[in-house]
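Engineer: So here's start-v3.txt, just compact mmCIF, C-alpha atoms:
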# COMPACT_ATOMS: atom_id res chain seq x y z
CA MET A 1 120.96 100.08 81.44
CA LYS A 2 122.39 103.37 82.62
CA PHE A 3 123.64 102.08 85.99
CA ASP A 4 125.12 98.70 85.05
CA SER A 5 128.56 100.32 84.65
CA ILE A 6 130.08 103.41 86.26
CA ASP A 7 131.14 105.03 82.99
CA TYR A 8 128.46 107.73 83.36
CA LEU A 9 130.34 109.05 86.40
CA LYS A 10 133.30 110.10 84.21
CA THR A 11 131.25 112.97 82.75
CA GLY A 12 129.16 113.68 85.85
CA ASN A 13 129.51 116.42 88.42
CA PRO A 14 132.86 116.84 90.24
CA ARG A 15 131.86 114.51 93.11
CA GLN A 16 130.72 111.83 90.67
CA GLN A 17 134.03 112.15 88.84
CA ARG A 18 135.90 111.79 92.15
CA ALA A 19 133.79 108.72 92.95
CA TYR A 20 134.73 107.25 89.58
CA ASP A 21 138.41 107.86 90.28
CA VAL A 22 138.23 106.27 93.74
CA LEU A 23 136.33 103.23 92.52
CA THR A 24 138.68 102.80 89.58
CA ASN A 25 142.02 103.64 91.20
CA HIS A 26 141.36 101.34 94.15
CA ARG A 27 139.82 98.66 91.92
CA ILE A 28 136.84 98.39 94.27
CA LEU A 29 134.37 97.11 91.70
CA ALA A 30 137.02 95.06 89.91
CA GLN A 31 137.84 93.17 93.10
CA LEU A 32 134.12 92.48 93.59
CA GLU A 33 133.53 91.38 89.98
CA PRO A 34 132.59 87.75 90.88
CA PHE A 35 129.70 89.20 92.91
CA SER A 36 128.09 91.42 90.20
CA PRO A 37 128.75 94.74 91.97
CA VAL A 38 126.59 97.77 91.23
CA LEU A 39 127.04 101.29 92.58
CA VAL A 40 123.72 102.48 94.01
CA GLY A 41 122.50 105.25 96.28
CA THR A 42 122.61 108.99 96.07
CA ILE A 43 125.85 109.67 94.20
CA PRO A 44 124.74 108.00 90.95
CA ILE A 45 121.52 110.02 90.85
CA ASN A 46 123.08 113.32 91.99
CA ILE A 47 121.27 113.81 95.30
CA ASP A 48 124.24 113.15 97.52
CA ILE A 49 125.29 115.39 100.37
CA GLU A 50 128.71 115.88 101.92
CA SER A 51 128.38 112.79 104.14
CA SER A 52 127.03 110.45 101.45
CA ASP A 53 128.95 107.24 100.95
CA LEU A 54 129.69 105.02 97.99
CA ASP A 55 127.11 102.22 98.24
CA VAL A 56 127.99 99.06 96.36
CA ILE A 57 125.59 96.13 96.28
CA CYS A 58 126.67 92.59 95.45
CA GLN A 59 125.20 89.14 95.03
CA TRP A 60 126.90 86.24 96.75
CA PHE A 61 126.13 82.58 96.30
CA ASN A 62 128.56 81.44 98.99
CA LYS A 63 128.50 83.81 101.96
CA SER A 64 131.81 82.55 103.38
CA GLU A 65 133.55 83.15 100.05
CA PHE A 66 132.11 86.69 99.90
CA ILE A 67 133.28 87.44 103.45
CA ALA A 68 136.74 86.09 102.69
CA THR A 69 136.94 88.25 99.55
CA LEU A 70 135.93 91.36 101.49
CA HIS A 71 138.60 90.71 104.13
CA ALA A 72 141.28 89.97 101.52
CA ALA A 73 140.45 92.96 99.29
CA PHE A 74 139.62 95.64 101.84
CA GLY A 75 140.57 94.39 105.31
CA HIS A 76 143.83 96.38 105.20
CA HIS A 77 141.93 99.68 105.44
CA PRO A 78 142.25 100.98 109.04
CA THR A 79 138.51 101.73 109.25
CA PHE A 80 137.39 98.35 107.83
CA THR A 81 134.46 96.74 109.63
CA LEU A 82 132.29 93.81 108.60
CA TRP A 83 129.11 92.39 110.05
CA GLU A 84 126.09 90.34 109.11
CA ASN A 85 122.58 91.76 109.05
CA PRO A 86 120.23 88.86 109.79
CA THR A 87 117.12 90.93 108.99
CA TYR A 88 118.15 91.14 105.32
CA GLU A 89 120.32 88.01 105.28
CA ALA A 90 123.13 90.34 104.25
CA VAL A 91 126.83 90.86 104.77
CA VAL A 92 127.94 94.48 105.12
CA ALA A 93 131.45 95.90 105.01
CA GLN A 94 132.45 99.51 105.51
CA PHE A 95 135.72 101.40 105.19
CA GLU A 96 137.06 104.76 104.11
CA VAL A 97 139.29 105.51 101.14
CA ASP A 98 140.42 108.85 99.71
CA GLY A 99 137.79 110.85 101.58
CA PHE A 100 134.88 108.56 100.74
CA ALA A 101 133.10 106.19 103.07
CA VAL A 102 132.42 102.95 101.19
CA GLU A 103 129.70 100.48 102.10
CA ILE A 104 129.51 97.09 100.44
CA PHE A 105 126.23 95.25 100.93
CA GLY A 106 125.87 91.67 99.75
CA GLN A 107 122.85 89.38 99.61
CA ASN A 108 122.05 86.12 97.87
CA ILE A 109 119.72 88.09 95.57
CA PRO A 110 120.65 89.31 92.06
CA THR A 111 121.86 92.90 92.33
CA PHE A 112 119.30 94.24 89.87
CA GLN A 113 116.54 92.75 92.06
CA GLN A 114 117.80 94.12 95.37
CA ASN A 115 115.75 96.89 96.96
CA ALA A 116 118.61 99.42 96.92
CA TYR A 117 118.84 99.15 93.13
CA ARG A 118 115.08 99.19 92.67
CA HIS A 119 114.75 102.26 94.91
CA MET A 120 117.46 104.07 92.96
CA LEU A 121 115.68 103.45 89.63
CA VAL A 122 112.38 104.76 91.00
CA GLU A 123 114.10 107.77 92.54
CA ASP A 124 115.93 108.50 89.29
CA LYS A 125 112.64 108.49 87.37
CA LEU A 126 110.99 110.74 89.95
CA LEU A 127 113.89 113.19 89.77
CA ALA A 128 113.60 113.28 85.97
CA LYS A 129 109.83 113.76 86.20
CA TYR A 130 109.76 116.50 88.85
CA GLY A 131 112.92 118.42 87.97
CA GLU A 132 115.55 120.51 89.68
CA GLU A 133 113.37 122.09 92.38
CA PHE A 134 112.30 118.61 93.51
CA ARG A 135 115.94 117.43 93.51
CA GLN A 136 116.92 120.39 95.68
CA GLN A 137 114.04 119.59 98.06
CA ILE A 138 115.35 116.01 98.45
CA ILE A 139 118.88 117.30 99.10
CA SER A 140 117.54 119.79 101.66
CA LEU A 141 115.65 117.03 103.49
CA LYS A 142 118.77 114.86 103.47
CA ARG A 143 120.79 117.72 104.97
CA GLN A 144 118.15 117.91 107.71
CA GLY A 145 119.00 114.30 108.59
CA TYR A 146 116.44 112.29 106.62
CA LYS A 147 117.53 109.13 104.85
CA THR A 148 116.89 109.08 101.12
CA GLU A 149 113.66 107.06 100.97
CA PRO A 150 111.99 108.98 103.84
CA ALA A 151 113.02 112.24 102.12
CA PHE A 152 111.24 111.10 98.95
CA GLY A 153 108.26 110.04 101.05
CA ILE A 154 107.99 113.49 102.59
CA ALA A 155 108.49 115.33 99.28
CA LEU A 156 105.88 113.17 97.57
CA GLY A 157 103.45 113.10 100.51
CA LEU A 158 103.53 109.29 100.62
CA GLU A 159 101.58 107.57 103.37
CA GLY A 160 103.08 104.64 105.25
CA ASP A 161 106.55 103.12 104.96
CA PRO A 162 108.47 105.09 102.31
CA TYR A 163 110.69 102.10 101.46
CA SER A 164 107.75 99.95 100.41
CA GLU A 165 105.75 102.86 99.00
CA LEU A 166 108.58 103.78 96.61
CA LEU A 167 108.63 100.20 95.34
CA ARG A 168 104.92 100.52 94.58
CA LEU A 169 105.85 103.31 92.14
CA GLU A 170 108.07 100.99 90.07
CA VAL A 171 105.43 100.23 87.46
Output the file's structure as structure tokens, nothing else.

Structural biologist:
Amino acid sequence: MKFDSIDYLKTGNPRQQRAYDVLTNHRILAQLEPFSPVLVGTIPINIDIESSDLDVICQWFNKSEFIATLHAAFGHHPTFTLWENPTYEAVVAQFEVDGFAVEIFGQNIPTFQQNAYRHMLVEDKLLAKYGEEFRQQIISLKRQGYKTEPAFGIALGLEGDPYSELLRLEV
């Protein structure tokens, strides 16, 4: 699969190459290896804006072990914060490194089955299908303040919750 490693970023646009350098130089994914980390979100599919962060999803089996790893690996960053999201039964950590905000999101769900990954695959296919003008429309909506999935919902004229509607387009 295209997104199961970050090698594609090495030959991507300048921001993707910077993301690769940050993830590699700071060993972010390497330190998360026991939790099957995957970079998701807007940077991998080239619809990021200036404020876009590096979104890394993980699968934990033991939540306490995951939390301890996050503190040990990234707790030294001055902007490090960590909390639990009971709605998604998730642990979330955020910090900044080399000009990038990083968000690590972990659930007890395989990474390739998590909604963030599934959304990214659907969005990537839609971008390939509808082309550059569509991509620019998504970026424009994001610059207006829309989150990614609502931006796709608007651009596609989807009715209802764009998060669930995008998942309906998986097949």

Engineer: Which residues of segment 14-91 of chain A sit at most 12 Å from segment 149-161 of chain A, using only C-alpha atoms? Give each one's shortest atom pair and distance in Å (one decimal place), in chain and ascending residue order, as a tab-separated table.

Structural biologist:
residue	atom	partner	partner_atom	distance
A:Gly41	CA	A:Glu149	CA	10.2
A:Thr42	CA	A:Glu149	CA	10.4
A:Ile47	CA	A:Ala151	CA	10.8

Engineer: Tell me, in Å to one decimal, how far atom CA of Phe61 of chain A is from atom CA of Tyr117 of chain A.

Structural biologist: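 We find that atom CA of Phe61 of chain A and atom CA of Tyr117 of chain A lie 18.4 Å from each other.
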
Engineer: Interatomic distance between atom CA of Ala90 of chain A and atom CA of Phe105 of chain A?

Structural biologist: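 Going from atom CA of Ala90 of chain A over to atom CA of Phe105 of chain A, I get 6.7 Å.
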
Engineer: For atom CA of Gln59 of chain A and atom CA of Ser36 of chain A, quote the distance in Å rounded to one decimal.

Structural biologist: 6.1 Å

Engineer: Write out as a list of chain:residue names each polymer residue whose atoms come within 12 Å of Phe112 of chain A, counting only C-alpha atoms; drop sequence neighbours fewer than 4 positions from it.

Structural biologist: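 Within the cut-off, the hits are A:Met1, A:Phe3, A:Asp4, A:Phe35, A:Ser36, A:Pro37, A:Val38, A:Leu39, A:Val40, A:Val56, A:Ile57, A:Cys58, A:Gln59, A:Gln107, A:Asn108, A:Ala116, A:Tyr117, A:Arg118, A:His119, A:Met120, A:Leu121.
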
Engineer: Which residues, protein or nucleic acid, reach to within 12 Å of (121.7, 112.0, 94.9) in the file's coordinates when using only C-alpha atoms, and can you give that as number ranges by chain?

Structural biologist: A: 12-13, 15-16, 40-55, 119-121, 123-124, 126-127, 132, 134-143, 147-149, 151-152

Engineer: Padding 5 Å on each side, edges along x, y and z: where is the centre of the box around the listed atoms of segment 101-118 of chain A, and how long are its edges in Å to one decimal? Output it as lines of an AutoDock Vina configuration file.

Structural biologist:
center_x = 124.1
center_y = 96.2
center_z = 96.5
size_x = 28.0
size_y = 30.1
size_z = 23.2

Engineer: I'd like to know which of A:Gln144, A:Ile28, A:Ala68, A:Asn115 is closest to Phe95 of chain A, using only C-alpha atoms.

Structural biologist: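 The shortest atom-to-atom distance to Phe95 of chain A comes from A:Ile28.
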
Engineer: Tell me which of A:Thr24, A:Phe66, A:Val171, A:Lys125 sits closest to Ile104 of chain A, counting only C-alpha atoms.

Structural biologist: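 Nearest candidate to Ile104 of chain A out of A:Thr24, A:Phe66, A:Val171, A:Lys125: A:Phe66.
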